[in-house]
Every structure is written in structure tokens, then in C-alpha cells.
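I have placed the structure first, in the form of C-alpha cells, so that the comments after it can refer back to it.
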Amino acid sequence: MNTLARLTATALLATAGGAAAAPPTTWVASWQASPQPVWDAGFLFPTLIPGHLEAQTFRQTARLGLGGGKLRVRLSNAYGRQPLRISAASVAAGAGRPPLALSFDGHSDTLIAPGKERLSDPLALATADLQAVQVSVYLAERTPLQTFHWDGRQTASFAAGDQTLASALTATATTTARLFVSGIDVEVPADARSVVVIGDSITDGATASLDRDQRWTDHLAARLAPQGVAVVNAGISGGRLLRDGMGEAALSRFQRDVLDQSGVASVIVLLGTNDIGWPGTAFARTAPAPTLAELQAGYLALVERAHARGVRILGATLPPFEGALPDTPLDDYYQPDKDALRRRLNDWLRQDSPFDAVIDLDAVLRDPADPSRMAVAFDSGDHLHPGDAGNRAMADAVDLHALLPRQVPVPTP
């Protein structure tokens, strides 16, 4: 029974019982897109967005992990250098459905200070587990775009004027980047929880099929939704554990993107590939390679912060990447000494890491005949990112009981 059905059933029971108290509920994070600072035109990759918006609507699709009777939307101005004026916003329960207006302290518009975020008022919109919703934001004033999420793996649209309440948008342009919306919470039964997966482009879904929800976190969400658990994706393409990359280092954003998420009970960490791979490439030509001790200390810092909040934390071994990114400016991403460091780090993760459990994604994805390479069946073709089949295999490798021992029943032998 999905979350919406459970809420409906308990509401009917409460009605039948007359004076029976309503069942307790809570808010949990059900979707996320971690904010990144918009980079300048000299960076290796294009931003995929215009420099500013004015008198335009931006509409994007987000698939919830869990549904519920109400939702609230988080808007971000994390890297803005001036206040962000949102003139109107709305949510629709799927493409072509009539949108409902969002409010902020009872007002249709809101002003978000630089470096801050804003949570909408709760909206009575019933949603189901794994349901896609559409969020629209209208900006009347000329607004420079300084905060975004670069790789949304989902087509979003720009339109002229205020079309936040239009069932069908008259689009003027599209992008696969995300803007403004950094999270969606849903109101669910009190025993529901969230799992956050923090990672880099492998978690962000860099080569997953566009508009088809084929990231490994999407497959994990489908496994966990029947248990009343949402999965939210805190991946950032180009993300690193120790240092800033195409977003802040995980050590810097862990509070915002993991610990501050509503209802978080567990976190999975899949980070370190870019820490190892970036030095010596066009991304960081003269940067020194990290040491094993530095990577270990970074993981330990995350573990200590999670445990201090009572959050369970799992680590994942780093998949192989020999031959990564051929015929690109980053075709020197792989080097034998980098692979040696990856293997040493994985050995430590398996044998002596501080995590509550470890998911051995290296063992799942590697080619048994050539362990420095990803198996062909799981390779997207760039030898660094898994394709759809690889993403599914990653999700299937997660031991749900190890992830949430008090949430997931132990299977009967």
C-alpha cells in the first residue's frame, strides 16, 4: 500500500470512529536537487541556461519518492548575490494537470535573501509514491541566474509571461538544468523516513536516459517506497569529497544537503572518484592528488557528523574507470596511479572503514576479466558512468536492512 493509500485509509477510519484522533503525520524530504553556483563562460562545460530571466515562467518535473496528502516546496538562492524575487509559483500533479498556486506566509510572492532558501506554505495536493509533479516559477523582474542544478536529466521549459497556472505551457526554450527548486517535502505517516544519497555525476545520473528516471537513486526509490521510505538525490556532477568542484565539496554541503533534510534517517556516500580523477586534467591541471589518509579523514568527518545527529551512514566503494571519457578534453582522467589509489581506498572501505555498512559497487560494476574497467553490460560507453542497466544493478546491490535496520523487515528464511 503506497503512502497516499495509507493516508486515505487512516482518514476513513478516523471518520468512521467519530471522535477518533487523526493519525500522526510528519514531513519527509521526497525529492531534491542540490544547488550549485552558476559558473562563468570560461568553464569547460556550458551552463545550459540564459544569463537572466525577466517576465518568464520556468517549469520543471520532479518525481517524488513518497507521496502524501500535502507537500511543500523549497526554493533556493544559495549562491545569489542579491535578493531573489519569486513573483508566483505553482505545483501540478503531473503533466497536463491543472496547477495549484503556492503561497509563502499567505502571499503569492516571496523575496529570498542571498545565501538563503524559502519553504512554501503546505499545499493540499494528494500525490502517490513515485509520482511526477510539475513545479512552475514566475519571475516578473529581471533576475540574474546565479544558483542552479546543472544536470537534471529531465527536460524543463521556459515560457513568456506568467504561465504558472496554465495546464499546458507554451514553451519558448528548453533545458536539462534545474532552477530555483531545491527540494520537495511531503506530509506522510509519522513512521515514514528519508534516505539521502550524496555523490557525484554517477549519482546525479550523468548518462542515465533523459526523462525516464533511470538514475540509480530512482531504482532505489522504487525498492524503498513500499517500506514508507523516500530516497532523495544529493548528487552533483563534478562533485568531490574534499574540495569544491562543480559545486561545493561534500564536507561543506553535508549539513544543507543531508542533515537538514526533513525526516532523514540514513545517508549513502558515493564520493571520491573526482577527488582521484580530477588532478592533472583540464579541471585541475596543477592540483596535487589526494592522499589515502586525506580521503579517509574526509569520510570519517562525514561519519562523525551523521552519528552526532543519529543518522545512519553507509559508504560505497568506487567503481572502476579505466579508459574514461575517450575523445574528450578529459581523456587523461584515468591514470594507473589513480587506479592504484582507488583500489587501496576500496580495500580500506571493505575492511576497516568507519561506516555503518559498505555497499560494494566496485564488485558489482567491474569487469571480472579486467577489474580496472567497468563491465560492458553496465557501461554507458564513456567508461566512467554506468548506463541504465548499471544504475539498476547498483540499486539492487543495496542491502535494505543494512540501510534501515529498524525500518525494513528482515526477510523470512
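Ligands are numbered from 1 in the order shown, residues from 1 within each chain, and chains are lettered A, B, ... in the order they appear in the C-alpha cells.
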
Among the residues of range 97-307 of chain A, find those DSSP assigns to alpha helix (DSSP H) from the backbone and print them as a VMD selection string. chain A and resid 201 to 204 216 to 224 250 to 254 273 to 277 292 to 307

What are the closest atom pairs, with distances in Å to one decimal, for each residue of range 110-158 of chain A lying within 10 Å of range 75-81 of chain A, using only C-alpha atoms, rows by chain and rising residue number, as CSV?
```
residue,atom,partner,partner_atom,distance
A:Thr110,CA,A:Leu75,CA,9.9
A:Leu111,CA,A:Asn77,CA,9.7
A:Ile112,CA,A:Asn77,CA,6.4
A:Ala113,CA,A:Asn77,CA,6.9
A:Pro114,CA,A:Gly80,CA,4.9
A:Gly115,CA,A:Ala78,CA,4.0
A:Lys116,CA,A:Ala78,CA,5.4
A:Glu117,CA,A:Ser76,CA,4.3
A:Arg118,CA,A:Leu75,CA,5.1
A:Leu119,CA,A:Leu75,CA,6.3
A:Ser120,CA,A:Leu75,CA,7.9
A:Val137,CA,A:Leu75,CA,9.5
A:Pro144,CA,A:Gly80,CA,8.4
A:Leu145,CA,A:Gly80,CA,7.7
A:Gln146,CA,A:Gly80,CA,5.2
A:Thr147,CA,A:Tyr79,CA,5.2
A:Phe148,CA,A:Tyr79,CA,8.7
```

Store the residues picked out above in a file with N, CA and C atoms, as a short mmCIF file (atom, residue, chain, number, x, y, z; two decimals), in the first residue's frame.
```
data_model
loop_
_atom_site.label_atom_id
_atom_site.label_comp_id
_atom_site.auth_asym_id
_atom_site.auth_seq_id
_atom_site.Cartn_x
_atom_site.Cartn_y
_atom_site.Cartn_z
N THR A 110 7.38 35.96 -2.96
CA THR A 110 8.31 35.92 -1.83
C THR A 110 9.66 36.46 -2.25
N LEU A 111 10.40 36.99 -1.29
CA LEU A 111 11.74 37.52 -1.52
C LEU A 111 12.72 36.69 -0.71
N ILE A 112 13.72 36.11 -1.39
CA ILE A 112 14.69 35.23 -0.74
C ILE A 112 16.04 35.93 -0.70
N ALA A 113 16.57 36.11 0.49
CA ALA A 113 17.84 36.81 0.66
C ALA A 113 19.00 36.00 0.07
N PRO A 114 20.10 36.66 -0.28
CA PRO A 114 21.27 35.94 -0.78
C PRO A 114 21.74 34.89 0.23
N GLY A 115 22.04 33.71 -0.29
CA GLY A 115 22.53 32.63 0.56
C GLY A 115 21.45 31.91 1.34
N LYS A 116 20.19 32.24 1.11
CA LYS A 116 19.11 31.65 1.89
C LYS A 116 18.19 30.80 1.01
N GLU A 117 17.23 30.13 1.66
CA GLU A 117 16.20 29.37 0.97
C GLU A 117 14.84 29.71 1.58
N ARG A 118 13.79 29.31 0.91
CA ARG A 118 12.44 29.63 1.37
C ARG A 118 11.55 28.42 1.17
N LEU A 119 10.81 28.05 2.21
CA LEU A 119 9.90 26.93 2.16
C LEU A 119 8.48 27.46 1.97
N SER A 120 7.75 26.90 1.02
CA SER A 120 6.38 27.35 0.78
C SER A 120 5.46 26.92 1.92
N VAL A 137 7.71 28.36 -11.73
CA VAL A 137 8.13 29.57 -11.03
C VAL A 137 8.11 30.72 -12.02
N PRO A 144 19.17 37.90 -12.55
CA PRO A 144 20.34 37.11 -12.96
C PRO A 144 20.29 35.72 -12.34
N LEU A 145 20.70 34.72 -13.11
CA LEU A 145 20.68 33.33 -12.62
C LEU A 145 22.04 32.98 -12.06
N GLN A 146 22.10 32.78 -10.75
CA GLN A 146 23.37 32.55 -10.06
C GLN A 146 23.40 31.24 -9.28
N THR A 147 22.24 30.59 -9.14
CA THR A 147 22.12 29.30 -8.47
C THR A 147 21.37 28.36 -9.40
N PHE A 148 21.90 27.15 -9.57
CA PHE A 148 21.20 26.17 -10.41
C PHE A 148 21.62 24.76 -10.02
#
```

Taking the chain letters and numbering used in this document, name the residues of range 69-188 of chain A that DSSP puts in strand (DSSP E), as a PyMOL selection string. chain A and resi 70-76+84-86+88-92+100-101+110-112+117-119+132-139+143-144+147-148+156-160+171-175+181-188

A:Thr175, A:Ser201, A:Gln32, A:Gln261 ranked by distance to Phe58 in chain A, top pick (using only C-alpha atoms):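 Checking each candidate against Phe58 in chain A, we get A:Thr175 as the closest.
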
Taking only C-alpha atoms into account, produce a table as a Markdown table in which each residue of range 212-284 of chain A with an atom at most 10 Å from an atom of range 299-304 of chain A appears once, together with its shortest atom pair and the distance in Å to one decimal, ordered by chain and rising number.
```
| residue | atom | partner | partner_atom | distance |
| --- | --- | --- | --- | --- |
| A:Leu241 | CA | A:Tyr299 | CA | 8.0 |
| A:Leu242 | CA | A:Tyr299 | CA | 9.2 |
| A:Ala250 | CA | A:Leu302 | CA | 8.5 |
| A:Leu251 | CA | A:Leu302 | CA | 6.9 |
| A:Phe254 | CA | A:Leu302 | CA | 7.5 |
| A:Gln255 | CA | A:Leu302 | CA | 9.6 |
| A:Val267 | CA | A:Val303 | CA | 9.7 |
| A:Val269 | CA | A:Tyr299 | CA | 8.5 |
| A:Leu271 | CA | A:Tyr299 | CA | 9.0 |
| A:Gly272 | CA | A:Tyr299 | CA | 9.4 |
```

Can you work out which one of A:Met246, A:Val232, A:Ala166, A:Leu292 has the shortest atom-to-atom distance to Ala89 in chain A, counting only C-alpha atoms? A:Ala166

Coordinates-based distance that separates CA of Trp150 in chain A from CA of Ser182 in chain A (Å, one decimal): 12.0 Å

Identify, on the basis of only C-alpha atoms, every residue whose closest approach to Arg153 in chain A does not exceed 7 Å; exclude the query and any residue fewer than 4 positions from it along the same chain; express the result as a PyMOL selection string. chain A and resi 176+205+210-211

Could those selected residues go to a file with all heavy atoms, as a PDB file, in the first residue's frame?
```
ATOM      1  N   THR A 176      18.046  21.074 -19.738  1.00  0.00           N
ATOM      2  CA  THR A 176      18.069  19.942 -18.813  1.00  0.00           C
ATOM      3  C   THR A 176      18.642  20.346 -17.457  1.00  0.00           C
ATOM      4  O   THR A 176      18.859  19.497 -16.601  1.00  0.00           O
ATOM      5  CB  THR A 176      18.886  18.772 -19.395  1.00  0.00           C
ATOM      6  OG1 THR A 176      20.187  19.244 -19.776  1.00  0.00           O
ATOM      7  CG2 THR A 176      18.185  18.172 -20.603  1.00  0.00           C
ATOM      8  N   GLY A 205      23.299  11.055 -12.170  1.00  0.00           N
ATOM      9  CA  GLY A 205      22.673  10.380 -13.306  1.00  0.00           C
ATOM     10  C   GLY A 205      23.178  10.840 -14.653  1.00  0.00           C
ATOM     11  O   GLY A 205      22.433  10.830 -15.638  1.00  0.00           O
ATOM     12  N   LEU A 210      17.475  10.256 -20.621  1.00  0.00           N
ATOM     13  CA  LEU A 210      16.806  11.516 -20.337  1.00  0.00           C
ATOM     14  C   LEU A 210      15.298  11.312 -20.182  1.00  0.00           C
ATOM     15  O   LEU A 210      14.670  10.570 -20.946  1.00  0.00           O
ATOM     16  CB  LEU A 210      17.086  12.495 -21.480  1.00  0.00           C
ATOM     17  CG  LEU A 210      16.642  13.943 -21.287  1.00  0.00           C
ATOM     18  CD1 LEU A 210      17.442  14.604 -20.186  1.00  0.00           C
ATOM     19  CD2 LEU A 210      16.805  14.706 -22.604  1.00  0.00           C
ATOM     20  N   ASP A 211      14.734  11.956 -19.159  1.00  0.00           N
ATOM     21  CA  ASP A 211      13.279  11.981 -18.921  1.00  0.00           C
ATOM     22  C   ASP A 211      12.696  10.607 -18.590  1.00  0.00           C
ATOM     23  O   ASP A 211      11.482  10.414 -18.718  1.00  0.00           O
ATOM     24  CB  ASP A 211      12.536  12.557 -20.136  1.00  0.00           C
ATOM     25  CG  ASP A 211      12.890  14.006 -20.420  1.00  0.00           C
ATOM     26  OD1 ASP A 211      13.192  14.741 -19.452  1.00  0.00           O
ATOM     27  OD2 ASP A 211      12.886  14.405 -21.600  1.00  0.00           O
TER      28      ASP A 211
END
```

Report, in Å to a single decimal, how far apart CA of Leu345 in chain A and CA of Arg373 in chain A are. 16.5 Å

Taking 4 positions as the minimum chain separation for residues in the same chain, which residues sit within 12 Å of Asp399 in chain A when counting only C-alpha atoms? Answer as a list in words.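 Contacts, with the query itself left out: Leu220, Arg223, Leu224, Ile268, Leu314, Ala316, Ala357, Val358, Ile359, Asp360, Leu361, Met394, Ala395, Leu403, Leu404, Pro405, Val408, Pro409, Val410 and Pro411 of chain A.
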
Keeping only N, CA and C atoms, write the selected residues to a file as an mmCIF file, in the first residue's frame.
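Contents of selection.cif, as written:
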```
data_model
loop_
_atom_site.group_PDB
_atom_site.id
_atom_site.type_symbol
_atom_site.label_atom_id
_atom_site.label_comp_id
_atom_site.auth_asym_id
_atom_site.auth_seq_id
_atom_site.Cartn_x
_atom_site.Cartn_y
_atom_site.Cartn_z
ATOM 1 N N LEU A 220 16.464 2.738 -6.600
ATOM 2 C CA LEU A 220 16.442 2.502 -5.158
ATOM 3 C C LEU A 220 15.145 3.040 -4.556
ATOM 4 N N ARG A 223 12.424 0.570 -4.857
ATOM 5 C CA ARG A 223 12.547 -0.534 -3.889
ATOM 6 C C ARG A 223 12.080 -0.120 -2.499
ATOM 7 N N LEU A 224 12.308 1.144 -2.135
ATOM 8 C CA LEU A 224 12.055 1.563 -0.752
ATOM 9 C C LEU A 224 10.678 2.179 -0.526
ATOM 10 N N ILE A 268 23.709 7.531 2.167
ATOM 11 C CA ILE A 268 24.698 6.745 1.424
ATOM 12 C C ILE A 268 25.697 7.718 0.810
ATOM 13 N N LEU A 314 26.112 4.942 5.349
ATOM 14 C CA LEU A 314 26.746 3.866 4.596
ATOM 15 C C LEU A 314 27.697 4.458 3.571
ATOM 16 N N ALA A 316 30.201 3.589 -0.003
ATOM 17 C CA ALA A 316 30.216 2.742 -1.194
ATOM 18 C C ALA A 316 31.610 2.752 -1.798
ATOM 19 N N ALA A 357 27.877 0.483 7.322
ATOM 20 C CA ALA A 357 27.903 -0.624 6.363
ATOM 21 C C ALA A 357 28.499 -0.093 5.074
ATOM 22 N N VAL A 358 28.928 -0.996 4.216
ATOM 23 C CA VAL A 358 29.541 -0.614 2.940
ATOM 24 C C VAL A 358 28.851 -1.361 1.806
ATOM 25 N N ILE A 359 28.519 -0.627 0.746
ATOM 26 C CA ILE A 359 27.933 -1.203 -0.460
ATOM 27 C C ILE A 359 29.066 -1.351 -1.476
ATOM 28 N N ASP A 360 29.334 -2.556 -1.919
ATOM 29 C CA ASP A 360 30.496 -2.800 -2.773
ATOM 30 C C ASP A 360 30.120 -2.625 -4.245
ATOM 31 N N LEU A 361 30.010 -1.380 -4.677
ATOM 32 C CA LEU A 361 29.629 -1.085 -6.053
ATOM 33 C C LEU A 361 30.753 -1.398 -7.033
ATOM 34 N N MET A 394 23.301 -1.216 -9.474
ATOM 35 C CA MET A 394 23.758 -0.527 -8.269
ATOM 36 C C MET A 394 22.661 -0.496 -7.212
ATOM 37 N N ALA A 395 21.453 -0.125 -7.636
ATOM 38 C CA ALA A 395 20.341 -0.052 -6.683
ATOM 39 C C ALA A 395 20.013 -1.424 -6.106
ATOM 40 N N LEU A 403 20.658 -0.709 5.374
ATOM 41 C CA LEU A 403 20.420 0.719 5.192
ATOM 42 C C LEU A 403 19.505 1.276 6.281
ATOM 43 N N LEU A 404 18.451 0.536 6.607
ATOM 44 C CA LEU A 404 17.451 0.987 7.579
ATOM 45 C C LEU A 404 16.997 -0.209 8.419
ATOM 46 N N PRO A 405 17.827 -0.654 9.343
ATOM 47 C CA PRO A 405 17.510 -1.891 10.061
ATOM 48 C C PRO A 405 16.221 -1.843 10.851
ATOM 49 N N VAL A 408 13.043 -1.607 7.720
ATOM 50 C CA VAL A 408 12.785 -2.656 6.753
ATOM 51 C C VAL A 408 12.725 -4.006 7.448
ATOM 52 N N PRO A 409 11.640 -4.752 7.323
ATOM 53 C CA PRO A 409 11.553 -6.064 7.975
ATOM 54 C C PRO A 409 12.630 -7.008 7.481
ATOM 55 N N VAL A 410 13.120 -7.854 8.381
ATOM 56 C CA VAL A 410 14.088 -8.882 7.998
ATOM 57 C C VAL A 410 13.352 -9.966 7.222
ATOM 58 N N PRO A 411 13.812 -10.338 6.022
ATOM 59 C CA PRO A 411 13.105 -11.356 5.249
ATOM 60 C C PRO A 411 13.021 -12.684 5.993
#
```

Quick one: everything within 8 Å of range 95-109 of chain A, counting only C-alpha atoms, minus sequence neighbours fewer than 6 positions away in the same chain. Send it as a PyMOL selection string. chain A and resi 85-89+119-121+123+133-134+164-168

Minimum-distance residue to Met374 in chain A, chosen among A:Gly323, A:Ala41, A:Asp356, A:Arg142 (using only C-alpha atoms):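 Ranking A:Gly323, A:Ala41, A:Asp356, A:Arg142 by distance to Met374 in chain A, first place goes to A:Gly323.
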
Just the residues within 6 Å of Ser194 in chain A, please, counting only C-alpha atoms, with nothing from its chain fewer than 6 positions along; format it as a list in words.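 In the requested format, the answer is Val229, Ala230, Val231, Gly263, Val264 and Ala265 of chain A.
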
Length of the CA of Phe378 in chain A to CA of Ala234 in chain A vector [Å]: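 Atom-to-atom, CA of Phe378 in chain A to CA of Ala234 in chain A, that is 22.2 Å.
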
Spatial neighbours of Asn346 in chain A, max dist 12 Å, only C-alpha atoms, sep filter under 2 positions, as an mmCIF file with C-alpha atoms, in the first residue's frame:
```cif
data_model
loop_
_atom_site.group_PDB
_atom_site.id
_atom_site.type_symbol
_atom_site.label_atom_id
_atom_site.label_comp_id
_atom_site.auth_asym_id
_atom_site.auth_seq_id
_atom_site.Cartn_x
_atom_site.Cartn_y
_atom_site.Cartn_z
ATOM 1 C CA LEU A 270 29.438 7.582 -3.046
ATOM 2 C CA LEU A 271 32.244 10.128 -3.391
ATOM 3 C CA GLY A 272 35.945 10.201 -4.124
ATOM 4 C CA THR A 273 36.127 9.375 -7.839
ATOM 5 C CA LEU A 292 44.720 7.961 1.066
ATOM 6 C CA LEU A 295 40.286 10.673 1.772
ATOM 7 C CA GLN A 296 39.941 8.530 4.898
ATOM 8 C CA GLY A 315 29.729 4.154 2.300
ATOM 9 C CA ALA A 316 30.216 2.742 -1.194
ATOM 10 C CA THR A 317 33.319 1.517 -2.948
ATOM 11 C CA LEU A 318 34.390 3.462 -6.047
ATOM 12 C CA PRO A 319 33.656 1.823 -9.414
ATOM 13 C CA PRO A 320 36.466 1.333 -11.955
ATOM 14 C CA ASP A 339 43.568 3.406 -10.133
ATOM 15 C CA ALA A 340 46.075 2.177 -7.560
ATOM 16 C CA LEU A 341 44.771 4.789 -5.097
ATOM 17 C CA ARG A 342 41.165 3.818 -5.866
ATOM 18 C CA ARG A 343 41.937 0.164 -5.134
ATOM 19 C CA ARG A 344 43.682 0.998 -1.870
ATOM 20 C CA TRP A 348 40.112 0.120 3.332
ATOM 21 C CA LEU A 349 36.381 0.717 2.847
ATOM 22 C CA ARG A 350 35.743 -3.026 2.785
ATOM 23 C CA GLN A 351 37.974 -3.893 5.720
ATOM 24 C CA ASP A 352 38.305 -1.017 8.169
ATOM 25 C CA SER A 353 36.056 1.931 7.321
ATOM 26 C CA VAL A 358 29.541 -0.614 2.940
ATOM 27 C CA ILE A 359 27.933 -1.203 -0.460
ATOM 28 C CA ASP A 360 30.496 -2.800 -2.773
ATOM 29 C CA LEU A 361 29.629 -1.085 -6.053
ATOM 30 C CA ASP A 362 33.110 -1.771 -7.419
ATOM 31 C CA ALA A 363 32.407 -5.508 -7.189
#
```

Minimum-distance residue to Ala159 in chain A, chosen among A:Arg59, A:Arg215, A:Arg178, A:Arg392 (using only C-alpha atoms):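 Comparing A:Arg59, A:Arg215, A:Arg178, A:Arg392 against Ala159 in chain A, the winner is A:Arg59.
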
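Between Asp370 in chain A and the residues A:His401, A:Gln82, A:Val311, A:Glu322, the shortest atom-to-atom distance, using only C-alpha atoms, involves A:Glu322.
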